[in-house]
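A.B. asks: Got a structure here, written out as structure tokens. Questions coming.
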Amino acid sequence: MIEAMSQPWFGWAVLVVVGLPATLVALTEWHGHLERTQSRFARPVALVRNVVVPLGAILVLVTQATEVSADLTWVRLVATAFGFLVLVVVLASLNVALFTNARQGTWRERIPSIFVDIARLVIIVVGLGLIFSLIWGADVGGLFAALGVTGIIIGLALQNAFGSVISGLLLLFEQPFELGDWITVGGIRGRVVEVNWRSVHIVTGSGIQVVPNSQLAGASFTNLSRPSVSFDESVELTFARNDPPVRVRALLEATAARLPTLAPGEIPAAHVLSSGKYEISLAVRTVSEISATRTMFLTWLWYAARREGLHLDGAPAPVPDPGEVAAAVAQAARSLALAPEELDALASVARVEVYGAGELIQVRGDVPDGLRVILRGLCHARVGSERSSWQVIGVLERGDLVGQSVVLDEPAPVDVAAVGETELLYLPTSVVNSRIRSNQAMARRIGEAIERRRAQVAAHLATAGGRAGGSVTDARRARSPRDVPTA
């Protein structure tokens, strides 16, 4: 026993006999943990456990414990296989550690795949060179020198072509823009639809413009989709010369302020250019929303100008038709519980209003300026601070009331927007308050409408688990419908 322990192979044999099972057990536990956590390192660890460690143990036993010459061909083949497997494990581990688990937005996630492929190729060439040099004694220095000289010659011959490719790779790595972004370069403005190693394709108003990457890399350009400030779109308008400028400016600013595509925090301001000429600047969030914002503003303004009796583009304001108003009051009589003798009196003070699709009829947080009854069309009662967070909590149809909180002199708890072109009967606040004092049935009808709206808001708050947008009026702040003033 003492003689065996004194042999040079004894220590290596004990190391393999004890170390191999312990290493396999440890790797098995580690592999199980990685699989449970669904880690991508599980496959490299499994390769090390199943192949690399056993083959390494065999190589140690052959070359150290049995003292077989390492110059034998079959021993060199085993060593070559072991070296190749170690190279595969190193490549797989680096790929997982640096690129596969890269978090979005980091440099590892942005690096182009060709750089990864080139790095992988360099590691493979260097690894194979070391394997053949250390195990087989091959002189690989001349091979590397020849490859280097060949690469320099090819690079000099194709430097212009490679320059554009390298510029494209650097653009892909830096990612100053993405597909769908709007950019301006060299007097060209358009939307990026394709980015490759050689060029960037930009859709402009006159077709697709192909811009070489070398031009983008050597010049400055502007990414309009990543603005530090909002984009201003100026709109010039004409009203009749006898329209009061104060009323016209108020109408322009109020209409623009309700646009859902307006940049957050921006307050539209209208200016008088000359007699009957006005200008307003619409600040939008991205350049792609300019056209839609302009179209929406002009559409809403057409309806708003007719309701206010102003002359957009010099067109004559519509003359109210007494017969149309009387028919509208008769249609709304059932919704308001009006007595027949009240119809004529209300027809003299009411008016018919038309709203365009998407237009706000009631603004959450504002006290309504009167009571409205839907005559034609649909409306959405909604909550939410921005367009992306709108939540429709009710659909209002023909005969439903809008602005019923006016009788309590309280802010409206929801926005009400027209789904399509919508026609409503409008009654001023003073008229409504006067009528509910003498018509208890009308007061009850309005109180029921208030209660239904409160129930809708309460149901939404219960579903959302809190205040929607932080600005919906809670029912606890409102008075009960029975507090509606009555006779």
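Lettering and numbering for the structure tokens are positional, with chains as A, B, ... in the shown order, residues counted from 1 in each chain, and ligands counted from 1 in the shown order.
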Residues at most 6 Å from segment 282-289 of chain A, counting only C-alpha atoms, excluding those fewer than 6 positions away in the same chain, as a PyMOL selection string?

C.D. replies: chain A and resi 225+230-233+262-263

A.B. asks: Those residues you just picked out, can you put them in a file as a short mmCIF file (atom, residue, chain, number, x, y, z; two decimals), in the first residue's frame with C-alpha atoms?

C.D. replies:
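Contents of the output file part_25.cif:
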```cif
data_model
loop_
_atom_site.label_atom_id
_atom_site.label_comp_id
_atom_site.auth_asym_id
_atom_site.auth_seq_id
_atom_site.Cartn_x
_atom_site.Cartn_y
_atom_site.Cartn_z
CA SER A 225 -39.78 60.77 -33.81
CA SER A 230 -43.36 69.19 -29.39
CA PHE A 231 -43.96 69.87 -33.07
CA ASP A 232 -45.90 72.99 -33.96
CA GLU A 233 -48.33 72.95 -36.87
CA LEU A 262 -52.15 67.64 -28.49
CA ALA A 263 -48.80 67.45 -26.70
#
```

A.B. asks: Can you pull out the residues contacting segment 298-308 of chain A? Cut-off 10 Å, using only C-alpha atoms, and skip same-chain residues under 3 positions away; I want them as a ChimeraX atom specification.

C.D. replies: /A:235,237,239,247-248,251-252,254-256,258-259,293-295,311-313,315-319,351-360,421

A.B. asks: Report, in Å with one decimal, the straight-line distance from atom CA of Pro413 of chain A to atom CA of Glu342 of chain A.

C.D. replies: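 For atom CA of Pro413 of chain A relative to atom CA of Glu342 of chain A, the distance reads 29.6 Å.
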
A.B. asks: Residues at most 7 Å from Trp182 of chain A, counting only C-alpha atoms, excluding those fewer than 2 positions away in the same chain, as a VMD selection string?

C.D. replies: chain A and resid 180 190 to 192 223 to 225

A.B. asks: Include N, CA and C atoms and write out the residues we just selected as an mmCIF file, in the first residue's frame.

C.D. replies:
```
data_model
loop_
_atom_site.group_PDB
_atom_site.id
_atom_site.type_symbol
_atom_site.label_atom_id
_atom_site.label_comp_id
_atom_site.auth_asym_id
_atom_site.auth_seq_id
_atom_site.Cartn_x
_atom_site.Cartn_y
_atom_site.Cartn_z
ATOM 1 N N GLY A 180 -39.951 52.965 -38.835
ATOM 2 C CA GLY A 180 -41.137 53.752 -38.533
ATOM 3 C C GLY A 180 -40.837 55.155 -38.057
ATOM 4 N N GLY A 190 -38.708 61.996 -44.272
ATOM 5 C CA GLY A 190 -39.585 60.861 -44.533
ATOM 6 C C GLY A 190 -39.522 59.850 -43.406
ATOM 7 N N ARG A 191 -40.185 58.720 -43.645
ATOM 8 C CA ARG A 191 -40.287 57.657 -42.631
ATOM 9 C C ARG A 191 -39.388 56.490 -43.011
ATOM 10 N N VAL A 192 -38.620 56.006 -42.050
ATOM 11 C CA VAL A 192 -37.694 54.898 -42.280
ATOM 12 C C VAL A 192 -38.485 53.592 -42.394
ATOM 13 N N ASN A 223 -33.789 63.057 -35.990
ATOM 14 C CA ASN A 223 -34.829 62.054 -35.772
ATOM 15 C C ASN A 223 -36.056 62.771 -35.223
ATOM 16 N N LEU A 224 -37.038 62.960 -36.095
ATOM 17 C CA LEU A 224 -38.234 63.698 -35.704
ATOM 18 C C LEU A 224 -39.137 62.913 -34.763
ATOM 19 N N SER A 225 -38.942 61.600 -34.675
ATOM 20 C CA SER A 225 -39.783 60.770 -33.814
ATOM 21 C C SER A 225 -39.264 60.713 -32.388
#
```

A.B. asks: Tell me, as a list of chain:residue names, which residues lie within 8 Å of segment 117-131 of chain A, counting only C-alpha atoms; anything in the same chain fewer than 6 positions away does not count.

C.D. replies: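 Here the answer would be A:Thr80, A:Gly83, A:Phe84, A:Leu87, A:Leu91, A:Val140.
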
A.B. asks: Between atom CA of Leu424 of chain A and atom CA of Val373 of chain A, what distance in Å does the model show, to one decimal?

C.D. replies: 5.4 Å

A.B. asks: Go through A:Ser335, A:Thr23, A:Asn433, A:Thr73 one by one, measure the shortest atom-to-atom distance of each to Val402 of chain A using only C-alpha atoms, and give the residue with the smallest value.

C.D. replies: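 Of A:Ser335, A:Thr23, A:Asn433, A:Thr73, the one nearest Val402 of chain A is A:Ser335, counting only C-alpha atoms.
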
A.B. asks: From a DSSP calculation on the backbone, collect every residue of segment 147-357 of chain A in helix (DSSP H, G or I) and output the set as a VMD selection string.

C.D. replies: chain A and resid 147 to 157 159 to 174 213 to 218 245 to 257 287 to 308 322 to 336 340 to 347

A.B. asks: One decimal, in Å: what's the spacing between atom CA of Leu77 of chain A and atom CA of Asn50 of chain A?

C.D. replies: 18.8 Å
